[in-house]
Amino acid sequence: MKRFGWSYPAWCLVALVVAGQAAAADATRESFGSMADGSKVEAVVLRNSHGMTARVISLGATLQSLTAPDAAGKQANIVLGYATLDGYQKAPQYFGATVGRYANRIARGKFTLDGHQYSVPVNDKVNSLHGGTKGFDKLIWTVADVKHDAKAASVTLKVTSPDGDMGYPGKLDVTATYTLDEDNRLSIDYRAVTDKTTIVNLSNHTYWNLSGEGSGSVMGDLLTIAGDAYLPVDAGSIPTGKITPVAGTVFDFRTPKAIGRDIRDGKEEQLLNGRGYDHNWVISRTEARAPRVVARVQDPSSGRVLTLKSAQPGLQFYSGNFLDATTVGTSGHVYRQGDAFVLEPQLYPDTPNQPSFGSARLEPGHEYRNLIIYEFSVKK
């Protein structure tokens, strides 16, 4: 975010300045309630001049809502969530949350680093998921900075995870910066530094429904994933270690395909393991130098298009398999299986235990970064 002649009468210049201000991006802070212990949760609403808004709450550095126009110009909230703080406390489900220290799964909650074995809480049967029982999604982050100018509005949130937190080594200082710009892009810039060698894998867990939150199934959405391989998993959703080409399988999304086209294929054991898609696609074997397109989703009914960019080597695609009609969302509608999709750019799951997948290591003096860019457009 970086930033007429006097031949016009003075009143014209004033009018131009006012009009410019009206068209600029904007950011406002407001309360989102209090936790049971009295801790306050803030919300920051980012707006651009095209009518888009993004509301970020400090619990979990979470994207609570995002409005975007459809092909007819009608605005709608297109992310799943709760209307009040109560839902996020009782049944969080990672709606819109920042997940870490290690996004996705670590097998049996154990990993070895420099010859020392570490144990982290198991919260997904026998495995650790999204950082353990009290991951970053359950922490109240500090709103460190709020900015807006003619081009964009942003909020930076920060949190410190002390050495030994959830079993992870090293004090980790983390920031998450959400930016909504005038080109209808929402970016999330995750950064982290440590004082001791550790592992880090941060991502965002927003559930998307491009027809509008609470509008029903996303199985007709056309999905493209820029990966020619994926990671098969065992019954506990831990990668087996194989890297399997998508060609000729139900995991081939290299050209646009409806999410639900092959999801009921009972011959595919991998779909049975996860009750649908809940797998990591191999976008590359190492992190790219800059964000590139990793996925694109088009909703035929609304015309909304989401293009996702990231430099991360992996992309976890989850088809909302465990939404079970027990959650009442933001607009008062019940969420059922397949009512949303999740796209999480990240390192491969269980990388600390599978060296062939690369490394999740972060050393003192180095900075971890995951820049996620969501671009919104329409196709009539």
# chains A, B, ... in the order shown; residues from 1 in each chain; ligands from 1

$ residues_around --residues "Gly220 of chain A" --least-positions-apart "4" --cutoff "8 Å" --atoms "only C-alpha atoms" --output "list of chain:residue names"
A:Ala258, A:Ile259, A:Gly260, A:Arg261, A:Asp299, A:Pro300

$ write_last_selection --atoms "N, CA, C and O atoms" --output "compact mmCIF listing (two decimals), in the first residue's frame"
# COMPACT_ATOMS: atom_id res chain seq x y z
N ALA A 258 -16.81 -29.92 -11.92
CA ALA A 258 -17.72 -29.73 -10.79
C ALA A 258 -17.19 -30.50 -9.58
O ALA A 258 -16.80 -31.67 -9.69
N ILE A 259 -17.20 -29.85 -8.42
CA ILE A 259 -16.69 -30.47 -7.21
C ILE A 259 -17.37 -31.81 -6.95
O ILE A 259 -16.73 -32.79 -6.55
N GLY A 260 -18.65 -31.88 -7.21
CA GLY A 260 -19.41 -33.09 -6.88
C GLY A 260 -19.45 -34.14 -7.97
O GLY A 260 -20.08 -35.19 -7.77
N ARG A 261 -18.78 -33.92 -9.09
CA ARG A 261 -18.93 -34.86 -10.21
C ARG A 261 -18.52 -36.28 -9.84
O ARG A 261 -19.20 -37.25 -10.18
N ASP A 299 -18.65 -20.21 -9.69
CA ASP A 299 -20.01 -20.59 -9.31
C ASP A 299 -20.96 -20.24 -10.44
O ASP A 299 -21.22 -19.06 -10.69
N PRO A 300 -21.51 -21.24 -11.16
CA PRO A 300 -22.36 -20.94 -12.31
C PRO A 300 -23.62 -20.16 -11.95
O PRO A 300 -24.10 -19.36 -12.77

$ select_by_dssp --residues "segment 155-359 of chain A" --states "helix (DSSP H, G or I)" --output "MDAnalysis selection string"
chainID A and resid 165:167 269:274 351:353 355:357

$ closest_residue --among "A:Gly365, A:Gly100, A:Gly358, A:Gly51" --to "Gly241 of chain A" --atoms "only C-alpha atoms"
A:Gly358

$ residues_around --residues "Thr62 of chain A" --least-positions-apart "6" --cutoff "10 Å" --atoms "only C-alpha atoms" --output "PDB file with N, CA, C and O atoms, in the first residue's frame"
ATOM      1  N   ALA A  43     -13.582  -6.578  16.377  1.00  0.00           N
ATOM      2  CA  ALA A  43     -13.796  -6.811  14.951  1.00  0.00           C
ATOM      3  C   ALA A  43     -13.279  -5.595  14.200  1.00  0.00           C
ATOM      4  O   ALA A  43     -13.426  -4.454  14.664  1.00  0.00           O
ATOM      5  N   ARG A  55     -14.897  -8.658   7.309  1.00  0.00           N
ATOM      6  CA  ARG A  55     -14.871  -8.468   8.762  1.00  0.00           C
ATOM      7  C   ARG A  55     -13.939  -9.507   9.370  1.00  0.00           C
ATOM      8  O   ARG A  55     -14.105 -10.712   9.176  1.00  0.00           O
ATOM      9  N   VAL A  56     -12.941  -9.027  10.095  1.00  0.00           N
ATOM     10  CA  VAL A  56     -11.936  -9.875  10.733  1.00  0.00           C
ATOM     11  C   VAL A  56     -12.084  -9.721  12.237  1.00  0.00           C
ATOM     12  O   VAL A  56     -12.117  -8.593  12.746  1.00  0.00           O
ATOM     13  N   GLY A  81     -19.796 -18.853   8.842  1.00  0.00           N
ATOM     14  CA  GLY A  81     -19.378 -18.381  10.152  1.00  0.00           C
ATOM     15  C   GLY A  81     -20.559 -18.268  11.080  1.00  0.00           C
ATOM     16  O   GLY A  81     -21.662 -18.772  10.795  1.00  0.00           O
ATOM     17  N   TYR A  88     -18.505 -19.214  17.980  1.00  0.00           N
ATOM     18  CA  TYR A  88     -17.079 -19.480  17.841  1.00  0.00           C
ATOM     19  C   TYR A  88     -16.485 -20.118  19.099  1.00  0.00           C
ATOM     20  O   TYR A  88     -15.479 -20.818  19.030  1.00  0.00           O
ATOM     21  N   TYR A  94     -13.189 -24.144  13.044  1.00  0.00           N
ATOM     22  CA  TYR A  94     -12.162 -23.442  12.261  1.00  0.00           C
ATOM     23  C   TYR A  94     -12.758 -22.527  11.191  1.00  0.00           C
ATOM     24  O   TYR A  94     -12.078 -22.187  10.221  1.00  0.00           O
ATOM     25  N   PHE A  95     -14.017 -22.084  11.337  1.00  0.00           N
ATOM     26  CA  PHE A  95     -14.613 -21.191  10.345  1.00  0.00           C
ATOM     27  C   PHE A  95     -13.768 -19.924  10.203  1.00  0.00           C
ATOM     28  O   PHE A  95     -13.693 -19.098  11.100  1.00  0.00           O
ATOM     29  N   GLY A  96     -13.124 -19.748   9.047  1.00  0.00           N
ATOM     30  CA  GLY A  96     -12.371 -18.534   8.748  1.00  0.00           C
ATOM     31  C   GLY A  96     -11.115 -18.321   9.544  1.00  0.00           C
ATOM     32  O   GLY A  96     -10.476 -17.274   9.436  1.00  0.00           O
ATOM     33  N   ALA A  97     -10.703 -19.319  10.342  1.00  0.00           N
ATOM     34  CA  ALA A  97      -9.655 -19.100  11.332  1.00  0.00           C
ATOM     35  C   ALA A  97      -8.244 -19.221  10.764  1.00  0.00           C
ATOM     36  O   ALA A  97      -8.004 -19.889   9.763  1.00  0.00           O
ATOM     37  N   THR A  98      -7.323 -18.573  11.472  1.00  0.00           N
ATOM     38  CA  THR A  98      -5.900 -18.811  11.263  1.00  0.00           C
ATOM     39  C   THR A  98      -5.528 -20.066  12.032  1.00  0.00           C
ATOM     40  O   THR A  98      -5.787 -20.157  13.235  1.00  0.00           O
ATOM     41  N   VAL A  99      -4.925 -21.056  11.338  1.00  0.00           N
ATOM     42  CA  VAL A  99      -4.607 -22.324  11.988  1.00  0.00           C
ATOM     43  C   VAL A  99      -3.090 -22.505  12.063  1.00  0.00           C
ATOM     44  O   VAL A  99      -2.357 -22.197  11.142  1.00  0.00           O
ATOM     45  N   PHE A 136      -3.819 -21.673  17.289  1.00  0.00           N
ATOM     46  CA  PHE A 136      -3.937 -20.230  17.089  1.00  0.00           C
ATOM     47  C   PHE A 136      -5.376 -19.787  16.838  1.00  0.00           C
ATOM     48  O   PHE A 136      -5.712 -18.618  17.036  1.00  0.00           O
ATOM     49  N   ASP A 137      -6.232 -20.694  16.394  1.00  0.00           N
ATOM     50  CA  ASP A 137      -7.645 -20.358  16.158  1.00  0.00           C
ATOM     51  C   ASP A 137      -8.380 -20.053  17.450  1.00  0.00           C
ATOM     52  O   ASP A 137      -9.437 -19.415  17.421  1.00  0.00           O
ATOM     53  N   LYS A 138      -7.846 -20.486  18.586  1.00  0.00           N
ATOM     54  CA  LYS A 138      -8.531 -20.304  19.878  1.00  0.00           C
ATOM     55  C   LYS A 138      -7.904 -19.207  20.727  1.00  0.00           C
ATOM     56  O   LYS A 138      -8.321 -18.999  21.875  1.00  0.00           O
ATOM     57  N   ILE A 140      -6.855 -15.147  21.438  1.00  0.00           N
ATOM     58  CA  ILE A 140      -7.238 -13.771  21.112  1.00  0.00           C
ATOM     59  C   ILE A 140      -5.984 -13.025  20.671  1.00  0.00           C
ATOM     60  O   ILE A 140      -5.037 -12.851  21.448  1.00  0.00           O
ATOM     61  N   TRP A 141      -5.954 -12.614  19.421  1.00  0.00           N
ATOM     62  CA  TRP A 141      -4.835 -11.876  18.857  1.00  0.00           C
ATOM     63  C   TRP A 141      -4.996 -10.388  19.186  1.00  0.00           C
ATOM     64  O   TRP A 141      -6.111  -9.892  19.392  1.00  0.00           O
ATOM     65  N   ALA A 176      -0.533 -11.535  11.302  1.00  0.00           N
ATOM     66  CA  ALA A 176      -1.440 -11.821  10.188  1.00  0.00           C
ATOM     67  C   ALA A 176      -1.998 -10.493   9.712  1.00  0.00           C
ATOM     68  O   ALA A 176      -2.661  -9.778  10.483  1.00  0.00           O
ATOM     69  N   TYR A 178      -4.459  -8.736   7.058  1.00  0.00           N
ATOM     70  CA  TYR A 178      -5.534  -8.823   6.070  1.00  0.00           C
ATOM     71  C   TYR A 178      -5.606  -7.492   5.320  1.00  0.00           C
ATOM     72  O   TYR A 178      -5.678  -6.430   5.939  1.00  0.00           O
ATOM     73  N   ASN A 204      -5.004 -20.377   6.399  1.00  0.00           N
ATOM     74  CA  ASN A 204      -6.339 -19.880   6.722  1.00  0.00           C
ATOM     75  C   ASN A 204      -7.364 -20.936   6.353  1.00  0.00           C
ATOM     76  O   ASN A 204      -7.253 -21.598   5.323  1.00  0.00           O
ATOM     77  N   HIS A 205      -8.397 -21.063   7.198  1.00  0.00           N
ATOM     78  CA  HIS A 205      -9.367 -22.153   7.065  1.00  0.00           C
ATOM     79  C   HIS A 205     -10.771 -21.625   6.741  1.00  0.00           C
ATOM     80  O   HIS A 205     -11.771 -22.120   7.269  1.00  0.00           O
ATOM     81  N   THR A 206     -10.862 -20.664   5.844  1.00  0.00           N
ATOM     82  CA  THR A 206     -12.172 -20.127   5.468  1.00  0.00           C
ATOM     83  C   THR A 206     -12.972 -21.149   4.660  1.00  0.00           C
ATOM     84  O   THR A 206     -12.448 -21.796   3.755  1.00  0.00           O
TER      85      THR A 206
END

$ closest_residue --among "A:Asn123, A:Asn321, A:Thr84, A:Ser187" --to "Gln64 of chain A" --atoms "only C-alpha atoms"
A:Thr84

$ atom_distance --atom1 "atom CA of Glu213 of chain A" --atom2 "atom CA of Ser301 of chain A"
13.6 Å

$ select_by_dssp --residues "segment 119-343 of chain A" --states "strand (DSSP E)" --output "VMD selection string"
chain A and resid 119 128 to 129 142 to 148 152 to 161 172 to 181 185 to 194 198 to 199 203 to 204 207 to 208 222 to 225 229 to 231 244 to 245 257 to 258 278 to 282 292 to 298 304 to 310 314 to 318 327 to 328 334 to 335 341 to 343

$ atom_distance --atom1 "atom CA of Ala229 of chain A" --atom2 "atom CA of Leu80 of chain A"
28.7 Å

$ closest_residue --among "A:Gly227, A:Pro121, A:Met219, A:Gly236" --to "Asp262 of chain A" --atoms "only C-alpha atoms"
A:Met219

$ closest_residue --among "A:Val174, A:Val250, A:Ile238, A:Leu323" --to "Tyr335 of chain A" --atoms "only C-alpha atoms"
A:Leu323

$ residues_around --residues "Lys379 of chain A" --least-positions-apart "5" --cutoff "12 Å" --atoms "only C-alpha atoms" --output "PyMOL selection string"
chain A and resi 69-73+297-306

$ write_last_selection --atoms "C-alpha atoms" --output "PDB file, in the first residue's frame"
ATOM      1  CA  PRO A  69     -20.838  -8.804  -5.815  1.00  0.00           C
ATOM      2  CA  ASP A  70     -22.353 -11.405  -8.136  1.00  0.00           C
ATOM      3  CA  ALA A  71     -22.705 -11.026 -11.922  1.00  0.00           C
ATOM      4  CA  ALA A  72     -25.724  -8.766 -11.409  1.00  0.00           C
ATOM      5  CA  GLY A  73     -23.892  -6.591  -8.890  1.00  0.00           C
ATOM      6  CA  VAL A 297     -13.495 -21.716  -8.515  1.00  0.00           C
ATOM      7  CA  GLN A 298     -16.438 -20.520 -10.594  1.00  0.00           C
ATOM      8  CA  ASP A 299     -20.009 -20.594  -9.309  1.00  0.00           C
ATOM      9  CA  PRO A 300     -22.365 -20.944 -12.314  1.00  0.00           C
ATOM     10  CA  SER A 301     -25.433 -19.712 -10.425  1.00  0.00           C
ATOM     11  CA  SER A 302     -24.046 -16.387  -9.154  1.00  0.00           C
ATOM     12  CA  GLY A 303     -21.254 -15.864 -11.664  1.00  0.00           C
ATOM     13  CA  ARG A 304     -18.758 -15.246  -8.850  1.00  0.00           C
ATOM     14  CA  VAL A 305     -15.211 -16.420  -9.489  1.00  0.00           C
ATOM     15  CA  LEU A 306     -12.529 -16.939  -6.840  1.00  0.00           C
TER      16      LEU A 306
END

$ residues_around --residues "Thr307 of chain A" --least-positions-apart "2" --cutoff "6 Å" --atoms "only C-alpha atoms" --output "PDB file with C-alpha atoms, in the first residue's frame"
ATOM      1  CA  ARG A 296      -9.813 -21.213  -9.334  1.00  0.00           C
ATOM      2  CA  TYR A 374      -7.942 -14.232  -3.042  1.00  0.00           C
ATOM      3  CA  GLU A 375      -9.020 -12.459  -6.239  1.00  0.00           C
TER       4      GLU A 375
END

$ closest_residue --among "A:Phe341, A:Phe111, A:Phe357, A:Tyr368" --to "Val218 of chain A" --atoms "only C-alpha atoms"
A:Phe341

$ residues_around --residues "Asn280 of chain A" --least-positions-apart "5" --cutoff "7 Å" --atoms "only C-alpha atoms" --output "list of chain:residue names"
A:Tyr230, A:Leu231, A:Gly314, A:Leu315, A:Gln316, A:Phe317, A:Tyr348

$ write_last_selection --atoms "C-alpha atoms" --output "PDB file, in the first residue's frame"
ATOM      1  CA  TYR A 230      -1.788 -35.471  -4.724  1.00  0.00           C
ATOM      2  CA  LEU A 231      -0.967 -37.200  -1.420  1.00  0.00           C
ATOM      3  CA  GLY A 314       0.809 -27.680  -1.151  1.00  0.00           C
ATOM      4  CA  LEU A 315      -2.916 -26.992  -1.298  1.00  0.00           C
ATOM      5  CA  GLN A 316      -5.365 -28.770   0.994  1.00  0.00           C
ATOM      6  CA  PHE A 317      -8.805 -29.028  -0.604  1.00  0.00           C
ATOM      7  CA  TYR A 348       2.377 -30.812   3.055  1.00  0.00           C
TER       8      TYR A 348
END

$ closest_residue --among "A:Tyr318, A:Lys147, A:Gly164, A:Asn77" --to "Ser119 of chain A" --atoms "only C-alpha atoms"
A:Gly164

$ decode --residues "segment 138-168 of chain A" --atoms "N, CA and C atoms" --output "PDB file, in the first residue's frame"
ATOM      1  N   LYS A 138      -7.846 -20.486  18.586  1.00  0.00           N
ATOM      2  CA  LYS A 138      -8.531 -20.304  19.878  1.00  0.00           C
ATOM      3  C   LYS A 138      -7.904 -19.207  20.727  1.00  0.00           C
ATOM      4  N   LEU A 139      -6.922 -18.509  20.177  1.00  0.00           N
ATOM      5  CA  LEU A 139      -6.265 -17.429  20.912  1.00  0.00           C
ATOM      6  C   LEU A 139      -6.854 -16.079  20.502  1.00  0.00           C
ATOM      7  N   ILE A 140      -6.855 -15.147  21.438  1.00  0.00           N
ATOM      8  CA  ILE A 140      -7.238 -13.771  21.112  1.00  0.00           C
ATOM      9  C   ILE A 140      -5.984 -13.025  20.671  1.00  0.00           C
ATOM     10  N   TRP A 141      -5.954 -12.614  19.421  1.00  0.00           N
ATOM     11  CA  TRP A 141      -4.835 -11.876  18.857  1.00  0.00           C
ATOM     12  C   TRP A 141      -4.996 -10.388  19.186  1.00  0.00           C
ATOM     13  N   THR A 142      -3.900  -9.676  19.194  1.00  0.00           N
ATOM     14  CA  THR A 142      -3.921  -8.227  19.414  1.00  0.00           C
ATOM     15  C   THR A 142      -4.043  -7.505  18.083  1.00  0.00           C
ATOM     16  N   VAL A 143      -4.960  -6.551  18.014  1.00  0.00           N
ATOM     17  CA  VAL A 143      -5.059  -5.714  16.818  1.00  0.00           C
ATOM     18  C   VAL A 143      -3.929  -4.690  16.906  1.00  0.00           C
ATOM     19  N   ALA A 144      -2.903  -4.893  16.091  1.00  0.00           N
ATOM     20  CA  ALA A 144      -1.694  -4.078  16.195  1.00  0.00           C
ATOM     21  C   ALA A 144      -1.740  -2.834  15.336  1.00  0.00           C
ATOM     22  N   ASP A 145      -2.457  -2.896  14.203  1.00  0.00           N
ATOM     23  CA  ASP A 145      -2.451  -1.758  13.285  1.00  0.00           C
ATOM     24  C   ASP A 145      -3.660  -1.840  12.368  1.00  0.00           C
ATOM     25  N   VAL A 146      -4.254  -0.699  12.096  1.00  0.00           N
ATOM     26  CA  VAL A 146      -5.367  -0.584  11.143  1.00  0.00           C
ATOM     27  C   VAL A 146      -5.041   0.581  10.217  1.00  0.00           C
ATOM     28  N   LYS A 147      -5.080   0.335   8.903  1.00  0.00           N
ATOM     29  CA  LYS A 147      -4.742   1.365   7.929  1.00  0.00           C
ATOM     30  C   LYS A 147      -5.771   1.402   6.811  1.00  0.00           C
ATOM     31  N   HIS A 148      -5.882   2.566   6.174  1.00  0.00           N
ATOM     32  CA  HIS A 148      -6.651   2.659   4.941  1.00  0.00           C
ATOM     33  C   HIS A 148      -6.210   3.901   4.176  1.00  0.00           C
ATOM     34  N   ASP A 149      -6.250   3.781   2.849  1.00  0.00           N
ATOM     35  CA  ASP A 149      -5.924   4.905   1.982  1.00  0.00           C
ATOM     36  C   ASP A 149      -6.733   4.749   0.699  1.00  0.00           C
ATOM     37  N   ALA A 150      -6.322   5.428  -0.356  1.00  0.00           N
ATOM     38  CA  ALA A 150      -7.093   5.400  -1.602  1.00  0.00           C
ATOM     39  C   ALA A 150      -7.055   4.040  -2.286  1.00  0.00           C
ATOM     40  N   LYS A 151      -6.084   3.202  -1.934  1.00  0.00           N
ATOM     41  CA  LYS A 151      -5.911   1.937  -2.656  1.00  0.00           C
ATOM     42  C   LYS A 151      -6.348   0.701  -1.889  1.00  0.00           C
ATOM     43  N   ALA A 152      -6.308   0.736  -0.545  1.00  0.00           N
ATOM     44  CA  ALA A 152      -6.570  -0.480   0.217  1.00  0.00           C
ATOM     45  C   ALA A 152      -6.844  -0.158   1.678  1.00  0.00           C
ATOM     46  N   ALA A 153      -7.448  -1.129   2.352  1.00  0.00           N
ATOM     47  CA  ALA A 153      -7.641  -1.067   3.800  1.00  0.00           C
ATOM     48  C   ALA A 153      -7.068  -2.345   4.397  1.00  0.00           C
ATOM     49  N   SER A 154      -6.429  -2.224   5.577  1.00  0.00           N
ATOM     50  CA  SER A 154      -5.796  -3.406   6.142  1.00  0.00           C
ATOM     51  C   SER A 154      -5.850  -3.405   7.655  1.00  0.00           C
ATOM     52  N   VAL A 155      -5.717  -4.609   8.227  1.00  0.00           N
ATOM     53  CA  VAL A 155      -5.570  -4.770   9.668  1.00  0.00           C
ATOM     54  C   VAL A 155      -4.470  -5.793   9.904  1.00  0.00           C
ATOM     55  N   THR A 156      -3.587  -5.491  10.839  1.00  0.00           N
ATOM     56  CA  THR A 156      -2.541  -6.411  11.251  1.00  0.00           C
ATOM     57  C   THR A 156      -2.818  -6.870  12.668  1.00  0.00           C
ATOM     58  N   LEU A 157      -2.856  -8.187  12.851  1.00  0.00           N
ATOM     59  CA  LEU A 157      -3.050  -8.779  14.165  1.00  0.00           C
ATOM     60  C   LEU A 157      -1.774  -9.526  14.536  1.00  0.00           C
ATOM     61  N   LYS A 158      -1.500  -9.605  15.840  1.00  0.00           N
ATOM     62  CA  LYS A 158      -0.288 -10.300  16.260  1.00  0.00           C
ATOM     63  C   LYS A 158      -0.573 -11.173  17.484  1.00  0.00           C
ATOM     64  N   VAL A 159       0.243 -12.215  17.631  1.00  0.00           N
ATOM     65  CA  VAL A 159       0.141 -13.092  18.793  1.00  0.00           C
ATOM     66  C   VAL A 159       1.523 -13.666  19.061  1.00  0.00           C
ATOM     67  N   THR A 160       1.818 -13.930  20.330  1.00  0.00           N
ATOM     68  CA  THR A 160       3.071 -14.569  20.716  1.00  0.00           C
ATOM     69  C   THR A 160       2.750 -15.913  21.354  1.00  0.00           C
ATOM     70  N   SER A 161       3.362 -16.953  20.818  1.00  0.00           N
ATOM     71  CA  SER A 161       3.237 -18.300  21.358  1.00  0.00           C
ATOM     72  C   SER A 161       4.523 -18.610  22.107  1.00  0.00           C
ATOM     73  N   PRO A 162       4.464 -18.785  23.428  1.00  0.00           N
ATOM     74  CA  PRO A 162       5.702 -18.953  24.205  1.00  0.00           C
ATOM     75  C   PRO A 162       6.378 -20.300  23.941  1.00  0.00           C
ATOM     76  N   ASP A 163       7.633 -20.388  24.292  1.00  0.00           N
ATOM     77  CA  ASP A 163       8.387 -21.633  24.181  1.00  0.00           C
ATOM     78  C   ASP A 163       7.659 -22.739  24.944  1.00  0.00           C
ATOM     79  N   GLY A 164       7.404 -23.868  24.276  1.00  0.00           N
ATOM     80  CA  GLY A 164       6.707 -24.981  24.912  1.00  0.00           C
ATOM     81  C   GLY A 164       5.204 -24.951  24.754  1.00  0.00           C
ATOM     82  N   ASP A 165       4.668 -23.901  24.188  1.00  0.00           N
ATOM     83  CA  ASP A 165       3.220 -23.793  23.987  1.00  0.00           C
ATOM     84  C   ASP A 165       2.720 -24.955  23.126  1.00  0.00           C
ATOM     85  N   MET A 166       1.765 -25.702  23.625  1.00  0.00           N
ATOM     86  CA  MET A 166       1.223 -26.878  22.951  1.00  0.00           C
ATOM     87  C   MET A 166       2.316 -27.889  22.597  1.00  0.00           C
ATOM     88  N   GLY A 167       3.435 -27.817  23.321  1.00  0.00           N
ATOM     89  CA  GLY A 167       4.528 -28.756  23.108  1.00  0.00           C
ATOM     90  C   GLY A 167       5.545 -28.334  22.073  1.00  0.00           C
ATOM     91  N   TYR A 168       5.314 -27.222  21.374  1.00  0.00           N
ATOM     92  CA  TYR A 168       6.227 -26.780  20.312  1.00  0.00           C
ATOM     93  C   TYR A 168       7.403 -25.992  20.901  1.00  0.00           C
TER      94      TYR A 168
END
